[in-house]
Structure formats: structure tokens, C-alpha cells
$ cat work.cif   # mmCIF, C-alpha atoms and all ligand atoms
data_work
loop_
_atom_site.label_atom_id
_atom_site.label_comp_id
_atom_site.auth_asym_id
_atom_site.auth_seq_id
_atom_site.Cartn_x
_atom_site.Cartn_y
_atom_site.Cartn_z
CA MET A 1 2.57 61.94 -40.63
CA LYS A 2 3.10 58.21 -40.37
CA ILE A 3 4.59 56.87 -43.60
CA VAL A 4 5.01 53.12 -44.15
CA ILE A 5 7.72 52.24 -46.68
CA PRO A 6 7.85 48.58 -47.74
CA GLY A 7 11.28 47.92 -49.31
CA GLY A 8 12.59 51.18 -47.84
CA THR A 9 16.03 49.66 -47.15
CA GLY A 10 17.07 50.14 -50.79
CA SER A 11 18.61 53.13 -52.53
CA LEU A 12 15.37 55.09 -52.98
CA GLY A 13 14.15 54.36 -49.46
CA ARG A 14 17.43 55.61 -47.98
CA LEU A 15 17.23 58.68 -50.19
CA LEU A 16 13.76 59.53 -48.86
CA ALA A 17 14.61 58.73 -45.23
CA LYS A 18 17.57 61.11 -45.08
CA SER A 19 15.90 63.94 -46.99
CA ASP A 20 14.79 67.09 -45.16
CA LEU A 21 11.23 66.65 -46.44
CA PHE A 22 10.75 63.16 -45.04
CA ARG A 23 13.03 62.59 -42.06
CA GLU A 24 10.82 64.57 -39.67
CA HIS A 25 7.96 62.14 -40.20
CA ASP A 26 7.26 58.86 -38.45
CA LEU A 27 8.87 56.51 -40.99
CA VAL A 28 8.27 52.77 -40.76
CA VAL A 29 10.21 50.52 -43.12
CA LEU A 30 9.02 46.99 -43.90
CA SER A 31 12.04 44.78 -44.56
CA ARG A 32 12.62 41.06 -45.06
CA GLY A 33 16.12 41.25 -43.65
CA GLY A 34 15.59 43.00 -40.33
CA ARG A 35 18.46 45.44 -40.98
CA ARG A 36 18.87 48.16 -38.37
CA SER A 37 18.57 51.87 -38.98
CA ASN A 38 18.79 54.95 -36.79
CA GLN A 39 16.59 57.00 -39.09
CA VAL A 40 13.54 54.75 -39.30
CA ARG A 41 11.64 52.08 -37.40
CA MET A 42 12.10 48.66 -39.02
CA VAL A 43 9.32 46.08 -39.06
CA PRO A 44 9.84 42.57 -40.45
CA TRP A 45 7.66 41.15 -43.23
CA ASP A 46 8.10 38.60 -46.02
CA GLY A 47 6.70 40.67 -48.88
CA GLN A 48 4.14 37.97 -49.66
CA THR A 49 1.85 37.12 -46.78
CA LEU A 50 -0.15 39.01 -44.17
CA GLY A 51 1.39 39.12 -40.70
CA GLU A 52 1.90 41.32 -37.67
CA TRP A 53 3.34 43.99 -39.96
CA ALA A 54 -0.11 44.63 -41.44
CA ARG A 55 -1.09 46.47 -38.22
CA GLU A 56 1.26 49.26 -39.28
CA MET A 57 -1.22 50.14 -42.05
CA ASP A 58 -3.92 50.89 -39.52
CA GLY A 59 -3.73 54.58 -38.82
CA ALA A 60 -0.85 55.20 -41.25
CA ASP A 61 -1.22 58.27 -43.47
CA ILE A 62 0.76 57.13 -46.49
CA VAL A 63 2.27 53.95 -47.95
CA ILE A 64 5.16 54.20 -50.39
CA ASN A 65 5.90 50.74 -51.78
CA LEU A 66 9.49 50.43 -53.00
CA SER A 67 9.90 46.67 -52.72
CA GLY A 68 11.21 44.58 -55.56
CA GLN A 69 14.19 42.41 -56.38
CA SER A 70 16.95 44.51 -57.98
CA VAL A 71 16.77 44.74 -61.79
CA LYS A 72 20.56 44.54 -61.89
CA CYS A 73 20.62 40.94 -63.10
CA LEU A 74 20.36 38.95 -66.32
CA TYR A 75 16.76 38.45 -67.38
CA THR A 76 16.76 34.66 -67.31
CA ASP A 77 13.41 32.87 -66.83
CA LYS A 78 14.26 32.32 -63.17
CA ASN A 79 15.23 35.95 -62.55
CA LEU A 80 12.20 37.23 -64.45
CA LYS A 81 9.96 35.19 -62.16
CA THR A 82 11.70 36.58 -59.05
CA LEU A 83 11.53 40.14 -60.40
CA LYS A 84 7.82 39.75 -61.07
CA ASP A 85 6.84 37.89 -57.88
CA SER A 86 8.72 40.33 -55.67
CA ARG A 87 6.80 43.23 -57.20
CA VAL A 88 3.34 41.79 -57.83
CA LYS A 89 3.01 39.73 -54.64
CA SER A 90 4.26 42.54 -52.39
CA THR A 91 1.81 44.95 -54.03
CA GLN A 92 -1.09 42.51 -53.66
CA VAL A 93 -0.40 41.84 -49.98
CA ILE A 94 -0.09 45.57 -49.24
CA GLY A 95 -3.52 45.95 -50.86
CA GLN A 96 -4.90 43.25 -48.54
CA ALA A 97 -3.38 44.94 -45.49
CA ILE A 98 -4.85 48.32 -46.46
CA ARG A 99 -8.23 46.72 -47.11
CA GLN A 100 -8.41 45.19 -43.63
CA ALA A 101 -7.23 48.35 -41.84
CA LYS A 102 -9.90 50.10 -39.76
CA LYS A 103 -8.30 53.45 -40.56
CA PRO A 104 -6.59 52.94 -43.91
CA PRO A 105 -3.95 55.30 -45.30
CA THR A 106 -5.27 58.08 -47.48
CA LEU A 107 -2.54 57.63 -50.10
CA TRP A 108 -0.71 54.64 -51.61
CA ILE A 109 2.26 55.52 -53.79
CA GLN A 110 3.44 52.51 -55.75
CA MET A 111 6.70 52.30 -57.68
CA SER A 112 6.40 51.37 -61.33
CA SER A 113 8.74 52.00 -64.26
CA THR A 114 9.09 53.78 -67.58
CA ALA A 115 9.81 50.28 -68.97
CA ILE A 116 6.02 49.94 -69.38
CA TYR A 117 6.19 52.11 -72.52
CA THR A 118 7.15 51.00 -76.00
CA HIS A 119 10.69 51.12 -77.33
CA ARG A 120 10.46 54.18 -79.59
CA PHE A 121 12.49 57.06 -80.98
CA ASP A 122 9.86 59.11 -82.84
CA ALA A 123 7.92 60.83 -80.04
CA PRO A 124 7.82 60.90 -76.24
CA ASN A 125 5.39 58.79 -74.21
CA ASP A 126 3.26 60.65 -71.71
CA GLU A 127 0.65 59.26 -69.33
CA GLU A 128 -2.25 60.18 -71.66
CA SER A 129 -1.13 59.34 -75.17
CA GLY A 130 1.92 57.17 -74.54
CA GLN A 131 2.13 53.76 -76.17
CA ILE A 132 2.05 51.07 -73.56
CA GLY A 133 3.32 47.63 -74.35
CA GLU A 134 5.32 45.88 -76.95
CA SER A 135 6.61 47.23 -80.22
CA PRO A 136 7.44 45.03 -83.19
CA ASN A 137 10.87 43.45 -83.49
CA ILE A 138 11.90 43.78 -79.86
CA PRO A 139 13.59 40.88 -78.06
CA VAL A 140 11.23 38.49 -76.28
CA VAL A 141 12.77 39.34 -72.93
CA TRP A 142 11.85 43.03 -73.35
CA LYS A 143 8.23 41.93 -73.87
CA HIS A 144 8.40 40.07 -70.56
CA ILE A 145 9.56 43.24 -68.81
CA VAL A 146 6.70 45.27 -70.30
CA GLN A 147 4.24 42.60 -69.14
CA LEU A 148 5.85 42.54 -65.70
CA VAL A 149 5.32 46.28 -65.24
CA LYS A 150 1.74 46.03 -66.53
CA ASP A 151 1.03 43.26 -64.00
CA TRP A 152 2.71 45.31 -61.28
CA GLU A 153 0.40 48.27 -61.90
CA GLU A 154 -2.59 45.97 -62.28
CA ALA A 155 -1.87 44.60 -58.79
CA LEU A 156 -2.19 48.18 -57.50
CA TYR A 157 -5.36 49.10 -59.36
CA SER A 158 -7.16 45.80 -58.75
CA SER A 159 -6.68 46.04 -54.96
CA GLN A 160 -10.01 46.93 -53.39
CA THR A 161 -9.00 49.90 -51.28
CA ASP A 162 -11.87 52.31 -51.69
CA HIS A 163 -10.68 54.98 -49.27
CA THR A 164 -7.09 55.23 -50.48
CA ARG A 165 -5.83 57.41 -53.33
CA LYS A 166 -3.49 55.42 -55.57
CA ILE A 167 -0.56 56.60 -57.67
CA ALA A 168 1.78 54.47 -59.80
CA ILE A 169 5.12 56.20 -60.24
CA ARG A 170 6.56 55.31 -63.62
CA SER A 171 10.07 56.33 -62.73
CA GLY A 172 13.01 56.93 -65.00
CA VAL A 173 16.46 56.15 -63.68
CA VAL A 174 17.00 58.09 -60.45
CA MET A 175 20.38 59.84 -60.45
CA ASP A 176 21.70 59.62 -56.92
CA LEU A 177 25.15 59.08 -55.46
CA THR A 178 24.64 55.52 -54.17
CA PRO A 179 27.82 53.49 -54.78
CA GLY A 180 27.00 51.04 -57.56
CA GLY A 181 23.93 53.08 -58.55
CA ALA A 182 23.25 54.43 -62.04
CA PHE A 183 25.12 57.73 -61.70
CA ASP A 184 28.10 56.00 -60.10
CA ILE A 185 28.31 53.56 -63.02
CA PHE A 186 27.94 56.27 -65.70
CA LEU A 187 30.51 58.44 -63.93
CA LYS A 188 33.06 55.63 -63.73
CA LEU A 189 32.56 54.81 -67.41
CA SER A 190 33.12 58.47 -68.34
CA ARG A 191 36.18 58.94 -66.16
CA PHE A 192 37.81 55.81 -67.52
CA GLY A 193 37.21 56.74 -71.16
CA LEU A 194 34.50 54.12 -71.69
CA GLY A 195 31.47 56.42 -71.75
CA GLY A 196 30.81 56.54 -75.48
CA ASN A 197 27.78 55.83 -77.66
CA ILE A 198 26.13 52.48 -77.14
CA ALA A 199 24.76 50.81 -80.27
CA GLY A 200 24.76 54.18 -82.08
CA GLY A 201 23.53 56.13 -79.03
CA LYS A 202 20.07 57.07 -80.40
CA GLN A 203 18.05 55.32 -77.69
CA MET A 204 16.50 57.83 -75.29
CA VAL A 205 17.34 58.01 -71.59
CA SER A 206 14.64 59.11 -69.14
CA TRP A 207 16.27 60.21 -65.95
CA ILE A 208 15.50 62.26 -62.83
CA HIS A 209 17.80 64.03 -60.36
CA LYS A 210 17.56 62.66 -56.81
CA SER A 211 16.32 66.00 -55.42
CA ASP A 212 13.50 66.12 -57.95
CA PHE A 213 12.58 62.54 -57.11
CA ILE A 214 12.14 63.51 -53.45
CA ASN A 215 10.42 66.83 -54.16
CA ALA A 216 8.06 65.31 -56.72
CA ILE A 217 6.95 62.61 -54.26
CA HIS A 218 6.27 65.34 -51.72
CA PHE A 219 4.34 67.24 -54.40
CA LEU A 220 2.19 64.16 -55.13
CA ILE A 221 1.40 63.83 -51.43
CA GLN A 222 0.26 67.44 -51.24
CA ASN A 223 -1.79 67.45 -54.47
CA ASN A 224 -4.69 65.24 -53.59
CA THR A 225 -6.30 65.52 -57.02
CA ILE A 226 -3.53 63.43 -58.60
CA THR A 227 -4.28 59.73 -59.05
CA GLY A 228 -3.20 56.96 -61.43
CA PRO A 229 0.06 56.80 -63.38
CA VAL A 230 2.61 59.58 -62.99
CA ASN A 231 5.76 59.67 -65.10
CA MET A 232 8.62 60.56 -62.79
CA CYS A 233 11.40 61.87 -65.01
CA SER A 234 12.86 65.08 -66.32
CA PRO A 235 10.84 66.92 -69.00
CA TYR A 236 13.94 66.75 -71.22
CA PRO A 237 14.99 63.16 -71.89
CA VAL A 238 18.14 62.93 -74.01
CA SER A 239 19.61 60.34 -76.33
CA GLN A 240 22.16 57.98 -74.80
CA GLY A 241 24.86 59.56 -76.99
CA GLU A 242 23.97 63.06 -75.77
CA PHE A 243 23.67 61.88 -72.20
CA MET A 244 27.21 60.49 -72.14
CA LYS A 245 28.65 63.40 -74.13
CA THR A 246 27.30 65.83 -71.52
CA LEU A 247 28.67 63.73 -68.68
CA ARG A 248 32.09 63.47 -70.35
CA LYS A 249 32.15 67.25 -70.73
CA THR A 250 31.17 67.67 -67.08
CA VAL A 251 33.97 65.45 -65.77
CA GLY A 252 36.53 66.68 -68.30
CA ALA A 253 36.91 63.36 -70.11
CA LYS A 254 38.28 63.91 -73.60
CA TRP A 255 36.75 60.91 -75.25
CA GLY A 256 34.52 57.90 -74.65
CA LEU A 257 34.98 54.55 -76.34
CA PRO A 258 31.83 53.63 -78.29
CA ALA A 259 30.37 50.15 -77.98
CA THR A 260 28.38 48.17 -80.54
CA LYS A 261 25.23 46.24 -79.68
CA TRP A 262 27.03 42.89 -79.59
CA MET A 263 29.78 44.32 -77.36
CA ILE A 264 27.15 45.50 -74.89
CA GLU A 265 25.34 42.17 -75.02
CA LEU A 266 28.55 40.30 -74.36
CA SER A 267 29.76 42.57 -71.54
CA SER A 268 26.26 42.61 -69.98
CA TYR A 269 26.47 38.84 -69.80
CA PHE A 270 29.79 39.00 -67.98
CA ILE A 271 28.86 41.76 -65.54
CA GLY A 272 25.43 40.21 -64.94
CA ILE A 273 23.27 43.23 -65.84
CA ASP A 274 20.81 42.79 -68.69
CA SER A 275 21.46 44.77 -71.89
CA GLU A 276 17.77 45.83 -71.98
CA LEU A 277 18.68 48.53 -69.48
CA SER A 278 21.09 50.20 -71.90
CA LEU A 279 19.56 49.31 -75.28
CA LYS A 280 15.86 50.01 -74.85
CA SER A 281 14.80 53.52 -75.81
CA ARG A 282 12.92 55.03 -72.88
CA TYR A 283 11.38 58.13 -74.40
CA VAL A 284 9.16 59.49 -71.66
CA ILE A 285 7.98 62.89 -70.44
CA PRO A 286 6.19 63.81 -67.18
CA LYS A 287 2.92 65.32 -68.45
CA VAL A 288 1.03 65.01 -65.17
CA LEU A 289 3.76 66.74 -63.17
CA MET A 290 4.10 69.47 -65.80
CA ASP A 291 0.32 70.02 -66.09
CA LYS A 292 0.11 70.33 -62.30
CA GLN A 293 3.01 72.79 -62.46
CA TYR A 294 5.59 70.87 -60.51
CA SER A 295 8.72 72.99 -60.78
CA PHE A 296 11.79 70.86 -61.55
CA LEU A 297 15.01 71.85 -59.77
CA PHE A 298 17.04 70.13 -62.49
CA PRO A 299 15.05 69.87 -65.71
CA GLU A 300 18.15 69.71 -67.96
CA TRP A 301 20.73 66.94 -67.86
CA SER A 302 23.66 69.39 -68.16
CA SER A 303 22.83 71.19 -64.89
CA ALA A 304 21.86 67.94 -63.15
CA ALA A 305 25.16 66.32 -64.16
CA LYS A 306 27.14 69.35 -62.91
CA ASP A 307 25.37 69.31 -59.56
CA LEU A 308 25.74 65.55 -59.09
CA TYR A 309 29.41 65.64 -60.04
CA ALA A 310 30.06 68.51 -57.60
CA GLN A 311 28.32 66.57 -54.82
CA TRP A 312 30.25 63.43 -55.75
CA LYS A 313 33.58 65.31 -55.46
CA VAL A 314 32.65 66.71 -52.03
CA LYS A 315 31.67 63.22 -50.87
CA LYS A 316 34.90 61.72 -52.24
CA ASP A 317 37.04 64.36 -50.43
CA HIS A 318 35.09 63.82 -47.25
CA ASP A 319 35.52 60.01 -47.46
CA SER A 320 39.26 60.28 -48.15
CA HIS A 321 39.76 62.63 -45.14
CA LYS A 322 37.87 60.18 -42.98
CA ASN A 323 40.19 57.36 -44.04
CA THR A 324 43.43 59.26 -43.40
N1 LIG A 401 16.34 53.36 -58.51
C1 LIG A 401 15.81 53.66 -59.69
O1 LIG A 401 16.40 54.42 -60.49
C2 LIG A 401 14.45 53.11 -60.07
C3 LIG A 401 13.84 53.54 -61.26
C4 LIG A 401 12.59 53.01 -61.61
C5 LIG A 401 11.97 52.09 -60.77
N2 LIG A 401 12.59 51.69 -59.63
C6 LIG A 401 11.93 50.70 -58.78
O2 LIG A 401 11.70 51.29 -57.50
C7 LIG A 401 11.84 50.30 -56.46
C8 LIG A 401 12.88 50.79 -55.45
O3 LIG A 401 14.09 51.07 -56.13
P1 LIG A 401 15.49 50.98 -55.37
O4 LIG A 401 16.50 51.51 -56.32
O5 LIG A 401 15.38 51.55 -54.00
O6 LIG A 401 15.65 49.39 -55.29
P2 LIG A 401 16.62 48.56 -54.33
O7 LIG A 401 17.75 49.38 -53.87
O8 LIG A 401 16.91 47.28 -55.07
O9 LIG A 401 15.69 48.26 -53.05
C9 LIG A 401 14.49 47.54 -53.16
C10 LIG A 401 14.16 46.87 -51.85
O10 LIG A 401 13.18 45.86 -52.14
C11 LIG A 401 13.30 44.81 -51.22
N3 LIG A 401 13.27 43.52 -51.92
C12 LIG A 401 14.24 42.94 -52.66
N4 LIG A 401 13.85 41.74 -53.08
C13 LIG A 401 12.59 41.54 -52.60
C14 LIG A 401 11.67 40.47 -52.67
N5 LIG A 401 11.99 39.33 -53.30
N6 LIG A 401 10.46 40.61 -52.06
C15 LIG A 401 10.16 41.75 -51.39
N7 LIG A 401 11.02 42.80 -51.26
C16 LIG A 401 12.21 42.68 -51.86
C17 LIG A 401 14.66 44.96 -50.50
O11 LIG A 401 14.41 45.25 -49.14
P3 LIG A 401 14.64 44.15 -47.96
O12 LIG A 401 15.78 43.29 -48.38
O13 LIG A 401 14.96 44.99 -46.78
O14 LIG A 401 13.36 43.42 -47.82
C18 LIG A 401 15.32 46.15 -51.20
O15 LIG A 401 16.02 46.96 -50.29
C19 LIG A 401 12.23 49.00 -57.18
O16 LIG A 401 11.07 48.24 -57.38
C20 LIG A 401 12.80 49.47 -58.50
O17 LIG A 401 12.64 48.52 -59.54
C21 LIG A 401 13.81 52.19 -59.26
#
$ encode --input "work.cif" --output "C-alpha cells" --more "lines below"
Ligand SMILES: NC(=O)c1ccc[n+]([C@@H]2O[C@H](COP(=O)([O-])OP(=O)(O)OC[C@H]3O[C@@H](n4cnc5c(N)ncnc54)[C@H](OP(=O)(O)O)[C@@H]3O)[C@@H](O)[C@H]2O)c1
Amino acid sequence: MKIVIPGGTGSLGRLLAKSDLFREHDLVVLSRGGRRSNQVRMVPWDGQTLGEWAREMDGADIVINLSGQSVKCLYTDKNLKTLKDSRVKSTQVIGQAIRQAKKPPTLWIQMSSTAIYTHRFDAPNDEESGQIGESPNIPVVWKHIVQLVKDWEEALYSSQTDHTRKIAIRSGVVMDLTPGGAFDIFLKLSRFGLGGNIAGGKQMVSWIHKSDFINAIHFLIQNNTITGPVNMCSPYPVSQGEFMKTLRKTVGAKWGLPATKWMIELSSYFIGIDSELSLKSRYVIPKVLMDKQYSFLFPEWSSAAKDLYAQWKVKKDHDSHKNT
């Protein structure tokens, strides 16, 4: 199969490209930077306008759009605009390229986010009955993020691509071993005694193990009855307090310093990552995947954390042998 991956140079693109399920295919990555890769063919694009790259859509089987400016920033007006433009414009121009292709891809998988759902603690959001949008008393900047994700999905659905099945993946945080990625940050916090409750620790964390992320995408490709939004996260989200407690236990950390809301807001400002990412309750379950009987390798955070930590230790040993 020929699979075109706009934005495939990032952490999720690299994860897919080196996985057993995807590396045998003809992978074409659209990148603004022209980075080189041995695993995939790189094609330049600007993420905004049609160009030579659009020919890659003709005859491709699948498009998996991963492009978007990293959310690891402060949500200032300027950054919010960049976050939104990089997602909405890239999605719109992919739609145009698919529309003009003589032989368009049969499937377009578009990244989206669990941030589309309301900040809630009472019940999980699924694709059918979940509450989309704003909830009362949330910071204005959180409302902007909800609107951004709504616009992102709208760019997918409003593209006139009649022969292409469309799926919007509302993904929870993908737990992989990328340095500087979510698991790496949580692990460091735990090992250094900083992984305690944040603002009371009741906000829910929707997460997915990297292997389930890959397998679930493969599952979506194979199940051609699935269209529309798909929540991509474990069936068992946990509270932030529980999440860190489990990780501390896994790594053998005796305690984790708790942090109040204002401490998180202040430190977020200094490290340049918005506090929305740690304070908003993302209470989400993957109804579509469960109804279609996708079998999770790591449904529970305790087993996922153990596996990731074991892999992290092997990688660390391997890296230190390489450097000696
Ligand atoms: N990782 C997660 O846990 C997670 C969870 C939910 C949703 N998502 C979403 O899934 C997508 C992929 O995630 P990721 O972790 O792989 O992200 P990533 O590591 O930040 O990679 C995204 C890629 O998007 C491209 N990009 C950056 N700025 C762009 C812009 N202004 N215009 C067009 N393309 C741009 C970059 O490729 P080039 O520089 O090569 O062009 C970059 O490598 C993102 O949209 C992210 O928000 C990720």
C-alpha cells in the first residue's frame, strides 16, 4: 500500500514508520523541512498551498495527516493562531489535493484530539454521547482550544472528497519513549520525586500506549465500515493523581511532591508549556473501538506503565553501552 503521511517527521510519524505493521509499505512523508530519512520517502510541501506534492495523492491508498505545530507552547494569541493555521490549513489543502486526484485514496485518517470534549469529572465522553465544546467557568484559552479542534475536524468533513472514507482520530496522549515526549516527562518527574498530585489530582488523563496507537490505526484501515470521529485512548482513563501514583510505584519512587494550581501555572509559564495540558480533565473512552471489538494490548495504565518503563530501561542501557 502507498501511504502518504503529511507531518510524518514528528513523534507519531516516526512511531508509525518504524513499526512492523507500517514499515513494509510505501511510505511518503510530506515535510516542510526536507529532513532526510532512510525509512520513508520525503516530499517537500508548505502545509498550506497546492504544489508538486499533490501528485502523491494520485494513486495513494491512504493519507494519515499528522501535521500541526507542537502544542508544547504557551497559548498566547500568536501561538493559538499558529496552532490553528497549521492544523486547519494543512487539512484543507490535503482535501483539495485529494479532490483533484484522478485516483484518490480510499481512506483519509486525520489527527484530532480529546481536547474537543468538555472539561468534566462526572462521566466519560464517548463519540456518541460525549459533550463537545465548552463547559462553564473554564479559562478563555481552553475555549479557544476546543474551538480549534472543532475547526480542525470541520476542515476534514467539509472537504469535498466523495470517494474517500474519513476518520478523525481524537487521540489521548500517546505514551511512547520519544525524548521530551509525554512519558519521558512523567517518568522524569516521578524519578526526581516531583510526580505528585496536580491541583488535587482529580482531573482525568486519557492516554494510549504506543503499541495500541499503531495497532488501532491498522485496525481502522482494515475495518472499512468505520467513519467519522474515533476516540483513540485506553478504555480505562485514570485521574491524574492515580496516574502518577501508579507510575511512582512502577519506578520505585517513594513519594511525589504535590503541586497546587498556581504552582503549575507559574512553572508552566517558565517552562513554556501551557497549564491546560495538565489541568484540563480529559475524561474520554473509545466507544467506537470497543464496539468494533478492537482488542487493546494495554488497556490498564499499570501494565502499560510497567511495559514502557521496562522498554525505557533497555533503551537507556543500550544508549549507555553505545557511548562507552
Ligand atoms: N503525540 C500525542 O500524544 C498526540 C495526541 C493527540 C493529538 N496529537 C496530534 O497529532 C499530530 C501529530 O503528533 P506528533 O506528536 O507527531 O506531533 P509533532 O511531533 O509535533 O509532529 C508534527 C509535525 O507537524 C509538522 N508541522 C509543524 N508545524 C507545522 C506547520 N506550521 N504547518 C504544517 N506542518 C507543521 C512538522 O513536520 P515538518 O516540520 O517536517 O513539516 C512536525 O514534525 C499533531 O497535530 C498533534 O497535535 C498528538
$ axis_aligned_box --input "work.cif" --around "region 307-316 of chain A" --padding-each-side "8 Å" --output "lines of an AutoDock Vina configuration file"
center_x = 30.1
center_y = 65.5
center_z = -55.5
size_x = 25.5
size_y = 23.6
size_z = 25.2
$ residues_around --input "work.cif" --residues "Ala182 (chain A)" --least-positions-apart "6" --cutoff "10 Å" --atoms "all atoms listed in the file" --output "list in words"
Val173, Val174, Met175, Asp176 and Trp207 of chain A
$ residues_near_ligand --input "work.cif" --ligand "ligand LIG 401 (chain A)" --cutoff "6 Å" --atoms "all atoms listed in the file" --output "list in words"
Gly7, Gly8, Thr9, Gly10, Ser11, Leu12, Gly13, Ser31, Arg32, Gly33, Gly47, Leu66, Ser67, Gly68, Gln69, Ser70, Ser86, Met111, Ser112, Ser113, Ser171, Gly172, Val173 and Val174 of chain A
$ closest_residue --input "work.cif" --among "A:Val146, A:Pro124, A:Leu16, A:Ser295" --to "Phe219 (chain A)" --atoms "all atoms listed in the file"
A:Ser295
$ residues_around --input "work.cif" --residues "Thr91 (chain A)" --least-positions-apart "5" --cutoff "8 Å" --atoms "all atoms listed in the file" --output "ChimeraX atom specification"
/A:65,110,152,155-156
$ closest_residue --input "work.cif" --among "A:Tyr75, A:Leu15, A:Ala168, A:Trp53" --to "Leu220 (chain A)" --atoms "only C-alpha atoms"
A:Ala168
$ residues_around --input "work.cif" --residues "Met1 (chain A)" --least-positions-apart "6" --cutoff "12 Å" --atoms "only C-alpha atoms" --output "MDAnalysis selection string"
chainID A and resid 21:28 59:63 105:107 221
$ residues_near_point --input "work.cif" --point "(-3.8, 60.6, -53.8)" --cutoff "8 Å" --atoms "only C-alpha atoms" --output "mmCIF file with C-alpha atoms, in the frame of the given file"
data_model
loop_
_atom_site.group_PDB
_atom_site.id
_atom_site.type_symbol
_atom_site.label_atom_id
_atom_site.label_comp_id
_atom_site.auth_asym_id
_atom_site.auth_seq_id
_atom_site.Cartn_x
_atom_site.Cartn_y
_atom_site.Cartn_z
ATOM 1 C CA THR A 106 -5.270 58.080 -47.480
ATOM 2 C CA LEU A 107 -2.540 57.630 -50.100
ATOM 3 C CA TRP A 108 -0.710 54.640 -51.610
ATOM 4 C CA ILE A 109 2.260 55.520 -53.790
ATOM 5 C CA THR A 164 -7.090 55.230 -50.480
ATOM 6 C CA ARG A 165 -5.830 57.410 -53.330
ATOM 7 C CA LYS A 166 -3.490 55.420 -55.570
ATOM 8 C CA ILE A 167 -0.560 56.600 -57.670
ATOM 9 C CA LEU A 220 2.190 64.160 -55.130
ATOM 10 C CA ILE A 221 1.400 63.830 -51.430
ATOM 11 C CA ASN A 223 -1.790 67.450 -54.470
ATOM 12 C CA ASN A 224 -4.690 65.240 -53.590
ATOM 13 C CA THR A 225 -6.300 65.520 -57.020
ATOM 14 C CA ILE A 226 -3.530 63.430 -58.600
ATOM 15 C CA THR A 227 -4.280 59.730 -59.050
#
$ residues_around --input "work.cif" --residues "Lys249 (chain A)" --least-positions-apart "5" --cutoff "10 Å" --atoms "only C-alpha atoms" --output "list in words"
Ser190, Met244, Lys254, Trp255, Ser302, Ala305 and Lys306 of chain A
$ atom_distance --input "work.cif" --atom1 "CA of Pro286 (chain A)" --atom2 "CA of Ile64 (chain A)"
19.4 Å
$ build_atoms --input "work.cif" --residues "region 198-218 of chain A" --atoms "N, CA and C atoms" --output "tab-separated table (two decimals), in the coordinates of the input"
chain	number	residue	atom	x	y	z
A	198	ILE	N	26.43	53.91	-77.18
A	198	ILE	CA	26.13	52.48	-77.14
A	198	ILE	C	25.20	52.18	-78.31
A	199	ALA	N	25.58	51.24	-79.13
A	199	ALA	CA	24.76	50.81	-80.27
A	199	ALA	C	24.26	52.02	-81.08
A	200	GLY	N	25.12	52.99	-81.30
A	200	GLY	CA	24.76	54.18	-82.08
A	200	GLY	C	24.31	55.35	-81.22
A	201	GLY	N	23.85	55.07	-80.00
A	201	GLY	CA	23.53	56.13	-79.03
A	201	GLY	C	22.23	56.88	-79.27
A	202	LYS	N	21.32	56.33	-80.12
A	202	LYS	CA	20.07	57.07	-80.40
A	202	LYS	C	18.97	56.78	-79.38
A	203	GLN	N	19.11	55.67	-78.65
A	203	GLN	CA	18.05	55.32	-77.69
A	203	GLN	C	17.96	56.40	-76.60
A	204	MET	N	16.71	56.73	-76.22
A	204	MET	CA	16.50	57.83	-75.29
A	204	MET	C	16.66	57.36	-73.83
A	205	VAL	N	17.16	58.29	-73.02
A	205	VAL	CA	17.34	58.01	-71.59
A	205	VAL	C	16.38	58.92	-70.82
A	206	SER	N	15.50	58.32	-70.03
A	206	SER	CA	14.64	59.11	-69.14
A	206	SER	C	15.23	59.03	-67.75
A	207	TRP	N	15.52	60.16	-67.20
A	207	TRP	CA	16.27	60.21	-65.95
A	207	TRP	C	15.63	61.25	-65.04
A	208	ILE	N	15.95	61.21	-63.76
A	208	ILE	CA	15.50	62.26	-62.83
A	208	ILE	C	16.58	62.46	-61.75
A	209	HIS	N	16.84	63.70	-61.43
A	209	HIS	CA	17.80	64.03	-60.36
A	209	HIS	C	17.19	63.62	-59.02
A	210	LYS	N	18.04	63.16	-58.11
A	210	LYS	CA	17.56	62.66	-56.81
A	210	LYS	C	16.72	63.70	-56.06
A	211	SER	N	17.08	64.97	-56.16
A	211	SER	CA	16.32	66.00	-55.42
A	211	SER	C	14.93	66.16	-56.02
A	212	ASP	N	14.83	66.05	-57.34
A	212	ASP	CA	13.50	66.12	-57.95
A	212	ASP	C	12.66	64.89	-57.61
A	213	PHE	N	13.32	63.75	-57.49
A	213	PHE	CA	12.58	62.54	-57.11
A	213	PHE	C	11.90	62.76	-55.75
A	214	ILE	N	12.68	63.27	-54.80
A	214	ILE	CA	12.14	63.51	-53.45
A	214	ILE	C	11.05	64.59	-53.48
A	215	ASN	N	11.38	65.71	-54.14
A	215	ASN	CA	10.42	66.83	-54.16
A	215	ASN	C	9.13	66.45	-54.88
A	216	ALA	N	9.26	65.67	-55.95
A	216	ALA	CA	8.06	65.31	-56.72
A	216	ALA	C	7.17	64.36	-55.91
A	217	ILE	N	7.78	63.49	-55.12
A	217	ILE	CA	6.95	62.61	-54.26
A	217	ILE	C	6.20	63.47	-53.24
A	218	HIS	N	6.90	64.44	-52.68
A	218	HIS	CA	6.27	65.34	-51.72
A	218	HIS	C	5.12	66.11	-52.38
